[in-house]
Structures are given as structure tokens and as C-alpha cells.
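Please read the structure below before turning to the comments.
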Amino acid sequence: MQPTPTSAPPPRTRARRRIWLAISASVSLAAATTLTPALLNSASAASLGCSVSYTNQSEWSGGFVANLVISNTGSSAINGWTLTFTFPGDQKVTNAWSATVTQSGENVTAVAASYNADIAAGSSTNFGFQGTWTTSDAIPTGFAVNGVACGGSSSTGSASASPTTASASATATASASATATTTSASPTATATGTGTGTGGTGGYPAHVADPFTGATRYLNPDYVAEVNAQAAADGNNAAEASVAQYQTAIWLDQISRIAGDSTHTSLTTELNDAAATATAANPKVVELVIYDLPGRDCAALASNGEIPATAAGLTEYESQYIDPIASILNNTAYENLRIVAIIEPDSLPNAVTNQSKTACATATPYYESGITYALNKLHAIPNVYNYLDIAHSAWLGWPSNMSATPAVYQKVVLGTTAGYASIDGFISDTANYTPVQEPFLTNPTLSVGGQPVDSATFYQYNPTFDELTYDTDMYNTLVAAGFPASDKFLIDTSRDGWGGPGRPTALNSSPTTADTYVAANKIDERPFRGDWCNQNNAGIGARPTDEPFGTSSPIEAYVWIKPPGESDGDYPTSTHTHGDPHCDPSGTNTDGNGGTYSTGSIPGYDVPAGQWYAYEFQMLVSNAYPAL
Ligand code: BGC
């Protein structure tokens with residue numbers, strides 16, 4: 001269902017390739033300054049040299065995620081380290097990884113974990129933490145390792161937004177020029193109820209800020225059956241069976257899916273089933289994917305829809321698809337359900353970047369009208385929560401794409417009766433594979449061999465290496481453009497774990513070019529970030545989790561929208577002509593800059609979109625990260 005990679009990264013000129021966003025503030029301090037005698041109390045201290053890079057990978061009002069790289073610039077190994085520094089602001093560390101971090105006032109002490117305590121001369125290691133702040137998240141500038149100052153001149157960046165690129169690509173320009181002229185912005189009416197009790201419209205429970213808080217999650221019986229059958233066939237495999245306990249979304253990907261068929265339970269039966277155990281005090285979340293726009297999947301061939309991109313197709317979408325769904329949902333028998341609607345994956349991202357493709361240019365007006373119609377119908381039902389799909393970091397993460405995004409979404413959202421209030425948030429990484437965090441690649445401006453890391457072919461000057469960075473930047477961009485701060489992000493983590501034997505376990509700082517440095521340190525094992533179909537070596541990612549970074553973060557929840565084990569698409573072979581060549585393991589994807597890459601698809605299989613793919617499921621389970 002994802003578009004072809006030629007369209008994911010925008011066309012870029014040489015000039016544009018040099019523009020990147022300084023999303024992180026970093027401090028790189030030179031080797032040790034003059035040591036005081038008190039500190040020269042051991043041979044190792046005498047030769048200890050260090051530099052520390054502190055990067056705010058993600059920052060939002062009230063919180064942040066920081067990554068720190070400690071480099072041993074001395075001539076002998078550091079065997080065991082304690083890093084100390086002082087926060088210039090009022091930051092408070094709340095949790096840490098790869099070190100034990102304690103704090104007394106502004107003073108912070110980080111002690112190495114057992115597995116990263118030794119740093120060879122010339123090598124580096126890293127750790128990170130998450131925290132809160134109220135008045136200042138200023139970057140610390142003085143660090144000491146084992147009491148030895150890593151002092152020196154600092155080159156403090158700022159976390160300011162980049163200048164917007166003047167040289168926006170043709171696709172970005174086209175979509176930006178489609179900016180809505182509507183002025184009907186409505187007040188932001190997101191309710192802040194606690195989620196229980198009454199107070200909502202028409203006697204419904206209040207429409208809450210975060211539907212996942214205080215709710216249990218409904219399990220799609222069709223997916224549970226698929227998983228259980230596979231686990232049984234694999235000798236009652238416990239890890240596989242455990243997947244059935246996690247919620248996945250119900251994909252309404254055809255009109256006929258509403259009524260159900262031999263392998264799909266009807267929507268009404270599922271809602272009745274969910275409502276049977278839901279109460280006002282124990283509400284239940286049901287996740288639905290609204291996915292049947294006219295001319296669906298305009299930039300790819302894997303999940304082309306059933307409705308044509310015509311005026312008649314739009315009428316069909318509205319009257320035969322959205323209206324029946326809305327009429328089923330609009331039932332007070334379901335008032336204790338919180339229905340999370342994932343709205344039309346890939347559609348508006350294609351409106352941002354793929355207007356040079358005829359199919360997308362033709363379909364876009366129907367996408368816009370269709371989504372506005374769907375939002376109006378669904379928002380009118382008090383217990384429906386609308387989340388607009390907003391691609392992922394390897395698609396809209398380039399600064400020019402990101403800056404072109406708000407206008408495209410505003411055109412649709414402000415075209416609704418309720419305006420901004422018609423949506424509850426956004427979702428990234430739907431059915432994609434981009435990791436939430438690249439733990440060893442945290443600073444796109446880090447210089448390797450004289451080039452910034454994001455100049456590597458894998459990133460192509462896209463400074464958003466992962467979903468946490470992308471969502472934070474996109475959230476800030478949307479809020480600055482006028483979207484309410486309450487519109488937070490879900491992340492589909494169903495297949496972005498990248499565990500398994502190929503996953504790096506520690507920072508490797510020895511490669512001397514951006515390409516080799518990225519290759520040695522990235523956890524995303526795709527040959528190309530635009531690859532999207534049945535990716536080999538992928539693994540199940542973080543389990544569905546509410547507020548994984550705390551309540552003030554732009555990330556609202558991890559969800560599993562794509563059911564792990566269902567195929568992304570098949571490809572034309574000697575026995576059939578349908579499918580998408582970008583799902584062919586022998587096929588290629590291109591980056592729009594002359595680069596050609598393997599599709600990265602699992603070799604040896606050919607499974608249509610949405611159908612059970614046993615090998616893929618087994619692989620995703622074995623490569624799960626965290627392990628199942
Ligand atoms: C397919 C749908 C399918 C869904 C969930 C999408 O990519 O187009 O047909 O229901 O994935 O597997």
C-alpha cells in the first residue's frame with residue numbers, strides 16, 4: 001500500500017541536497033583541558049581524554065529525549081566510566097537507558113552499564129535518557145568523565161527550526177499551491193474529560209483527550225484466529241501465540257468488508273462483541289482503518305482500490321462506504337467503545353509529494369473531498385476518534401516536504417464543519433517499517449569524514465532518521481501552522497522492531513565515511529528507506545502502549561495497525577499479471593536521484609495484499625524487538 005520509493009523521497013537538486021535541518025542541539029567538546037593535580041590520581045586519569053556530544057533527539061513543551069555520545073580521545077582505554085554534568089535549565093531525568101542516571105538538583109551522574117563500561121582509545125559509546133522541563137531545556141555544556149573535565153571550546157547549536165527551503169521541489173510546490181482558502185477555522189474543541197462517566201454529547205461518555213488511557217483494547221477475532229492457527233501449526237509456538245494478545249486494527253478495505261465474508265467478521269458483529277464487555281468505567285478501544293478512497297494507492301499497485309477516481313466514484317465512496325460505516329457506528333449501544341478511526345493511509349502524503357504522477361494528480365481532489373466527507377460523518381459520532389495518516393520519516397521527513405504538509409492537511413480538515421475539532425490526531429508509520437528510534441544514529445549533523453551523517457546515501461539529507469524525531473518535528477510544524485497542540489501522534493510499531501542477528505548492539509565509531517558509519521550503526525536493515533513491501537529481516541516492534549514517553553510528549557500511543565503476518569502485496573509473475581513490481585524480491589526501487597536498490601522483499605514467496613503470509617509472520621516473531 002505504500003507508494004513506490006521513487007516518490008517517497010522528493011526529487012532533489014544538488015542545491016537542495018545540501019540543506020538539512022539542525023533539529024538537534026549538539027555540543028562537541030575537545031579533549032581534556034589542563035588537569036588539576038587532584039585529578040591526576042591514576043595512570044588512566046593522566047591519559048584520559050574525552051569529548052561528549054549531547055543531542056536533544058526530541059523536545060516538546062515539558063519534555064525531551066536526549067542522547068549522549070562519549071568519545072575516548074585519549075591514548076588508553078577507559079575501563080569503567082562515570083559521566084557528570086550540570087543542567088543549565090530545570091530538566092529532570094525520568095528514565096534512562098544504557099547507563100544508570102541519578103540527579104541531585106541540577107547535577108547529573110551517569111554510570112556505565114556493564115556492557116558499555118569499556119571504551120577503547122579512539123572509540124565511543126552512547127546512552128540516553130528522557131526527562132521533563134518547565135522553563136528551560138538548555139543544553140549542558142560542561143562534562144567530566146571519571147572526574148576529568150572534557151572541557152574545551154564548545155560549539156553549541158540551537159534547536160531552532162531550519163530556514164524553509166526556498167527551492168522546494170516541484171511536487172512540494174504543487175501541493176503547497178493547493179493551500180486551502182477556507183477561513184472557517186473552528187475553536188479547538190478537544191474534550192479533556194477523564195474518559196469515564198457522562199458529560200459527552202447526547203449522554204455519551206466524554207470524548208477524551210487520549211482514547212487509550214484507561215481503556216482495554218479489543219482484539220480482532222479474525223487476526224486472533226490467524227495467529228492461533230499459525231502457532232498451532234508451528235508446534236504450539238509460545239512466542240507466536242503470544243502475539244494474539246495484542247490489538248491490531250480492523251481494515252475496512254472494501255465495501256464488502258463492512259458486511260463480512262467467509263474470512264472476515266462483519267463490522268456489526270465485531271462492535272457487538274466489543275460492546276458486550278465494555279462499560280463506562282471500563283471502556284474498550286476498537287481500531288478501524290478507513291481505506292477505500294476513489295483511486296486508492298495512487299502511487300503504487302499493491303493495494304489499488306475498488307473505486308475509480310471519478311465523480312461517480314466519490315459518490316460511491318460516500319454513499320456505499322462511509323455512510324454505511326457511520327450508520328453502524330452511530331449507535332448508543334456502542335457508547336462505551338472508543339472507536340479509533342485511522343483515516344486513509346498514504347492518501348494525503350501522496351497529495352504532498354506525488355502530484356507529478358498522473359494517477360495521484362487525478363485522484364487527489366477525490367481524496368480531499370472524500371476525507372473531508374469521512375471526517376464530517378465520523379466526527380459527528382461522539383465516541384469516534386479520527387486520526388489522519390501522515391506517512392513516516394522516510395517520506396515527509398525532508399524539510400521541504402515537511403513544510404509543505406500543513407497546508408495539504410489544513411485544506412481537508414478546515415473544510416469540515418467542525419474544523420480542527422474534526423480530528424483527534426495523526427498516525428505515522430502505518431504499515432511501514434521505519435524504527436521509532438535509531439539508537440546509535442542520533443545526530444544527523446555529526447561529522448564523519450568531513451560530511452554530516454545525514455549525507456549518507458541511506459538518508460539522502462533527510463535529517464529525520466526515525467519516527468520519534470519525525471513525529472516531534474512534524475508535530476511542532478503542524479502546531480506552528482495552527483493545528484491544536486492536542487493533536488498528537490500514534491505510531492504503528494507492528495513491524496518496526498528490527499531485532500534479530502543483524503541488529504547492532506553498540507555504537508561503532510570506527511567507520512570513516514558517512515555511508516560506512518550509517519551501515520555499521522543503523523538498526524533498519526532495509527537496503528533503501530523507500531522499500532516498503534514485505535521487508536526481509538524485519539521484526540515486530542514495541543507492543544501497543546499508551547503514552548510511551550509520558551503525557552506531555554507528542555507521542556500519544558504505540559499501536560499495531562498493520563497486522564503482523566499479513567502481506568503488503570504480491571507482484572506480477574509468469575502465472576499472473578496483477579501486483580506491484582516493487583514487491584518482487586528480484587525487483588528494484590529507485591530514489592529519484594539515479595540510485596537503484598533492491599526492494600528488500602522476502603525472497604521465495606508471492607502473497608497478495610492482506611493475505612496471511614506464514615513465513616513473514618514467523619520471521620517477524622523471531623526478529624521481534626523487544627523479544628516476545
Ligand atoms: C491491504 C489490505 C489489508 C491490510 C491489512 C493493506 O495493505 O491493502 O487489503 O487488509 O493491508 O493487512
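Letters for chains follow the order of the C-alpha cells (A, B, ...), residue numbers begin at 1 for each chain, and ligand numbers begin at 1 in the order shown.
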
List all protein, DNA and RNA residues that have an atom no more than 10 Å from any atom of ligand 1, counting only C-alpha atoms and all ligand atoms, and report them as a count of residues only.
41

Against segment 495-515 of chain A, which residues of segment 102-125 of chain A fall within 6 Å? For each one I want the closest pair of atoms and the distance in Å (one decimal), counting only C-alpha atoms, rows by chain and increasing residue number, as a tab-separated table.
residue	atom	partner	partner_atom	distance
A:Ser123	CA	A:Ser509	CA	5.8
A:Ser124	CA	A:Ser509	CA	5.9
A:Thr125	CA	A:Leu507	CA	5.6

Deliver the residues from the most recent selection as a file, using N, CA, C and O atoms, as an mmCIF file, in the first residue's frame.
data_model
loop_
_atom_site.group_PDB
_atom_site.id
_atom_site.type_symbol
_atom_site.label_atom_id
_atom_site.label_comp_id
_atom_site.auth_asym_id
_atom_site.auth_seq_id
_atom_site.Cartn_x
_atom_site.Cartn_y
_atom_site.Cartn_z
ATOM 1 N N SER A 123 37.539 5.157 20.482
ATOM 2 C CA SER A 123 36.175 4.671 20.287
ATOM 3 C C SER A 123 35.174 5.504 21.090
ATOM 4 O O SER A 123 35.564 6.371 21.866
ATOM 5 N N SER A 124 33.919 5.176 20.890
ATOM 6 C CA SER A 124 32.846 5.919 21.554
ATOM 7 C C SER A 124 31.800 4.961 22.074
ATOM 8 O O SER A 124 31.722 3.811 21.644
ATOM 9 N N THR A 125 30.982 5.462 22.971
ATOM 10 C CA THR A 125 29.789 4.721 23.370
ATOM 11 C C THR A 125 28.677 5.736 23.595
ATOM 12 O O THR A 125 28.915 6.938 23.603
#

Neighbours of Asp273 of chain A within 12 Å (only C-alpha atoms; same-chain residues fewer than 3 positions away dropped), as a VMD selection string?
chain A and resid 218 to 221 265 to 270 276 to 278 284 286 333 to 334 337

Do you know which residues are at most 10 Å from Ser71 of chain A counting only C-alpha atoms, after dropping those on the same chain fewer than 4 positions away, and could you put them as number ranges by chain?
A: 28-31, 49-53, 78, 119-126, 150, 509

For the selection just defined, write its residues with N, CA and C atoms to a file, as a compact mmCIF listing (two decimals), in the first residue's frame.
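again_23.txt, written as the output of this step:
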# COMPACT_ATOMS: atom_id res chain seq x y z
N SER A 28 30.02 19.62 21.07
CA SER A 28 31.14 18.72 20.93
C SER A 28 32.33 19.36 21.59
N LEU A 29 32.78 18.74 22.58
CA LEU A 29 33.85 19.35 23.37
C LEU A 29 35.18 18.67 23.08
N ALA A 30 36.21 19.44 23.02
CA ALA A 30 37.52 18.91 22.67
C ALA A 30 38.09 18.10 23.84
N ALA A 31 39.22 17.56 23.61
CA ALA A 31 39.86 16.70 24.60
C ALA A 31 40.15 17.46 25.90
N GLY A 49 41.28 11.28 27.90
CA GLY A 49 40.80 12.39 27.08
C GLY A 49 39.41 12.05 26.60
N CYS A 50 38.56 13.02 26.56
CA CYS A 50 37.18 12.68 26.20
C CYS A 50 36.50 13.84 25.50
N SER A 51 35.54 13.51 24.71
CA SER A 51 34.61 14.52 24.23
C SER A 51 33.21 13.95 24.37
N VAL A 52 32.28 14.83 24.60
CA VAL A 52 30.90 14.40 24.82
C VAL A 52 29.98 15.19 23.89
N SER A 53 29.15 14.47 23.19
CA SER A 53 28.14 15.12 22.36
C SER A 53 26.77 14.86 22.98
N ILE A 78 39.38 3.51 28.41
CA ILE A 78 38.64 3.88 29.62
C ILE A 78 37.94 2.61 30.07
N ILE A 119 35.63 1.70 26.99
CA ILE A 119 35.71 2.44 25.73
C ILE A 119 37.17 2.44 25.29
N ALA A 120 37.47 1.72 24.22
CA ALA A 120 38.85 1.67 23.72
C ALA A 120 39.28 3.06 23.26
N ALA A 121 40.59 3.28 23.26
CA ALA A 121 41.11 4.56 22.77
C ALA A 121 40.60 4.77 21.34
N GLY A 122 40.09 5.95 21.09
CA GLY A 122 39.58 6.27 19.76
C GLY A 122 38.16 5.82 19.50
N SER A 123 37.54 5.16 20.48
CA SER A 123 36.17 4.67 20.29
C SER A 123 35.17 5.50 21.09
N SER A 124 33.92 5.18 20.89
CA SER A 124 32.85 5.92 21.55
C SER A 124 31.80 4.96 22.07
N THR A 125 30.98 5.46 22.97
CA THR A 125 29.79 4.72 23.37
C THR A 125 28.68 5.74 23.59
N ASN A 126 27.48 5.24 23.76
CA ASN A 126 26.40 6.20 23.97
C ASN A 126 25.38 5.69 24.97
N CYS A 150 36.04 17.12 30.38
CA CYS A 150 36.18 17.04 28.93
C CYS A 150 36.03 18.46 28.39
N SER A 509 32.12 3.42 16.22
CA SER A 509 32.54 4.75 15.78
C SER A 509 33.75 4.70 14.86

Contacts of Ala233 of chain A at 12 Å or less, counting only C-alpha atoms, minus same-chain residues fewer than 6 places along, as number ranges by chain?
A: 226-227, 240-241, 614, 618

Dump of N, CA and C atoms for the selected residues, as a PDB file, in the first residue's frame:
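Once written, out_39.pdb looks like this:
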ATOM      1  N   GLU A 226      -6.042 -16.199  12.936  1.00  0.00           N
ATOM      2  CA  GLU A 226      -4.874 -16.396  12.066  1.00  0.00           C
ATOM      3  C   GLU A 226      -3.637 -16.745  12.899  1.00  0.00           C
ATOM      4  N   VAL A 227      -3.449 -15.993  13.957  1.00  0.00           N
ATOM      5  CA  VAL A 227      -2.258 -16.198  14.792  1.00  0.00           C
ATOM      6  C   VAL A 227      -2.326 -17.554  15.491  1.00  0.00           C
ATOM      7  N   GLU A 240       4.878 -17.170  19.147  1.00  0.00           N
ATOM      8  CA  GLU A 240       3.890 -16.832  18.115  1.00  0.00           C
ATOM      9  C   GLU A 240       2.508 -16.655  18.726  1.00  0.00           C
ATOM     10  N   ALA A 241       2.145 -17.569  19.599  1.00  0.00           N
ATOM     11  CA  ALA A 241       0.807 -17.482  20.216  1.00  0.00           C
ATOM     12  C   ALA A 241       0.644 -16.192  21.008  1.00  0.00           C
ATOM     13  N   ALA A 614       2.651 -16.916   6.103  1.00  0.00           N
ATOM     14  CA  ALA A 614       3.172 -17.660   7.256  1.00  0.00           C
ATOM     15  C   ALA A 614       4.659 -17.359   7.505  1.00  0.00           C
ATOM     16  N   GLN A 618       6.405 -15.760  10.902  1.00  0.00           N
ATOM     17  CA  GLN A 618       7.440 -16.451  11.686  1.00  0.00           C
ATOM     18  C   GLN A 618       8.701 -15.584  11.810  1.00  0.00           C
TER      19      GLN A 618
END

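The residue set within 8 Å of Ala557 of chain A, counting only C-alpha atoms and dropping same-chain residues fewer than 5 places from it, reads A:Phe212, A:Phe489, A:Leu490, A:Ile491, A:Pro544, A:Thr545, A:Asp546, A:Glu547, A:Pro548.
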
A:Thr434, A:Asn67, A:Asn354, A:Ser601: which is nearest Asn401 of chain A, counting only C-alpha atoms?
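Closest to Asn401 of chain A of all the choices is A:Asn354.
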
Select from segment 233-401 of chain A everything DSSP, run on the backbone, classes as strand (DSSP E), then give the selection as a list in words.
Ile250, Trp251, Leu252, Lys284, Val285, Val286, Glu287, Leu288, Val289, Ile290, Leu337, Arg338, Ile339, Val340, Ala341, Ile342, Ile343, Val384, Tyr385, Asn386, Tyr387, Leu388 and Asp389 of chain A

Residues near Thr132 of chain A, anyone? I mean within 6 Å using only C-alpha atoms, not counting same-chain ones fewer than 6 positions away, as a PyMOL selection string.
chain A and resi 62-63+91-92

Can you list, as a ChimeraX atom specification, all residues belonging to segment 514-613 of chain A that DSSP tags as alpha helix (DSSP H)?
/A:514-521

Selected residues written out with N, CA, C and O atoms, as a short mmCIF file (atom, residue, chain, number, x, y, z; two decimals), in the first residue's frame:
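What ended up in result_26.cif:
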data_model
loop_
_atom_site.label_atom_id
_atom_site.label_comp_id
_atom_site.auth_asym_id
_atom_site.auth_seq_id
_atom_site.Cartn_x
_atom_site.Cartn_y
_atom_site.Cartn_z
N ALA A 514 30.47 8.69 5.89
CA ALA A 514 29.07 8.72 6.34
C ALA A 514 28.36 7.42 5.95
O ALA A 514 27.63 6.85 6.75
N ASP A 515 28.60 6.93 4.73
CA ASP A 515 27.93 5.70 4.29
C ASP A 515 28.31 4.49 5.15
O ASP A 515 27.45 3.72 5.56
N THR A 516 29.60 4.32 5.41
CA THR A 516 30.01 3.15 6.18
C THR A 516 29.62 3.29 7.65
O THR A 516 29.29 2.31 8.31
N TYR A 517 29.60 4.52 8.14
CA TYR A 517 29.19 4.76 9.52
C TYR A 517 27.72 4.40 9.70
O TYR A 517 27.32 3.71 10.64
N VAL A 518 26.91 4.84 8.75
CA VAL A 518 25.47 4.53 8.82
C VAL A 518 25.24 3.03 8.67
O VAL A 518 24.47 2.42 9.42
N ALA A 519 25.95 2.42 7.72
CA ALA A 519 25.76 0.97 7.51
C ALA A 519 26.11 0.18 8.76
O ALA A 519 25.45 -0.80 9.09
N ALA A 520 27.14 0.63 9.48
CA ALA A 520 27.58 -0.11 10.67
C ALA A 520 26.66 0.10 11.86
O ALA A 520 26.63 -0.71 12.77
N ASN A 521 25.90 1.19 11.86
CA ASN A 521 25.17 1.55 13.08
C ASN A 521 23.65 1.55 12.97
O ASN A 521 22.97 1.59 13.98
#

Report the distance between atom CA of Pro581 of chain A and atom CA of Tyr321 of chain A in Å, rounded to one decimal place.
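Interatomic distance, atom CA of Pro581 of chain A to atom CA of Tyr321 of chain A: 29.1 Å.
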
Pick out the closest residue to Gly550 of chain A from this set: A:Thr73, A:Gln245, A:Gln130, A:Asn537. Count only C-alpha atoms.
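Selected residue with least distance to Gly550 of chain A: A:Gln130.
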
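Distance annotation: of A:Tyr246, A:Trp532, A:Tyr409, A:Phe64, the residue with the minimal separation from Val559 of chain A is A:Tyr246; atom set is only C-alpha atoms.
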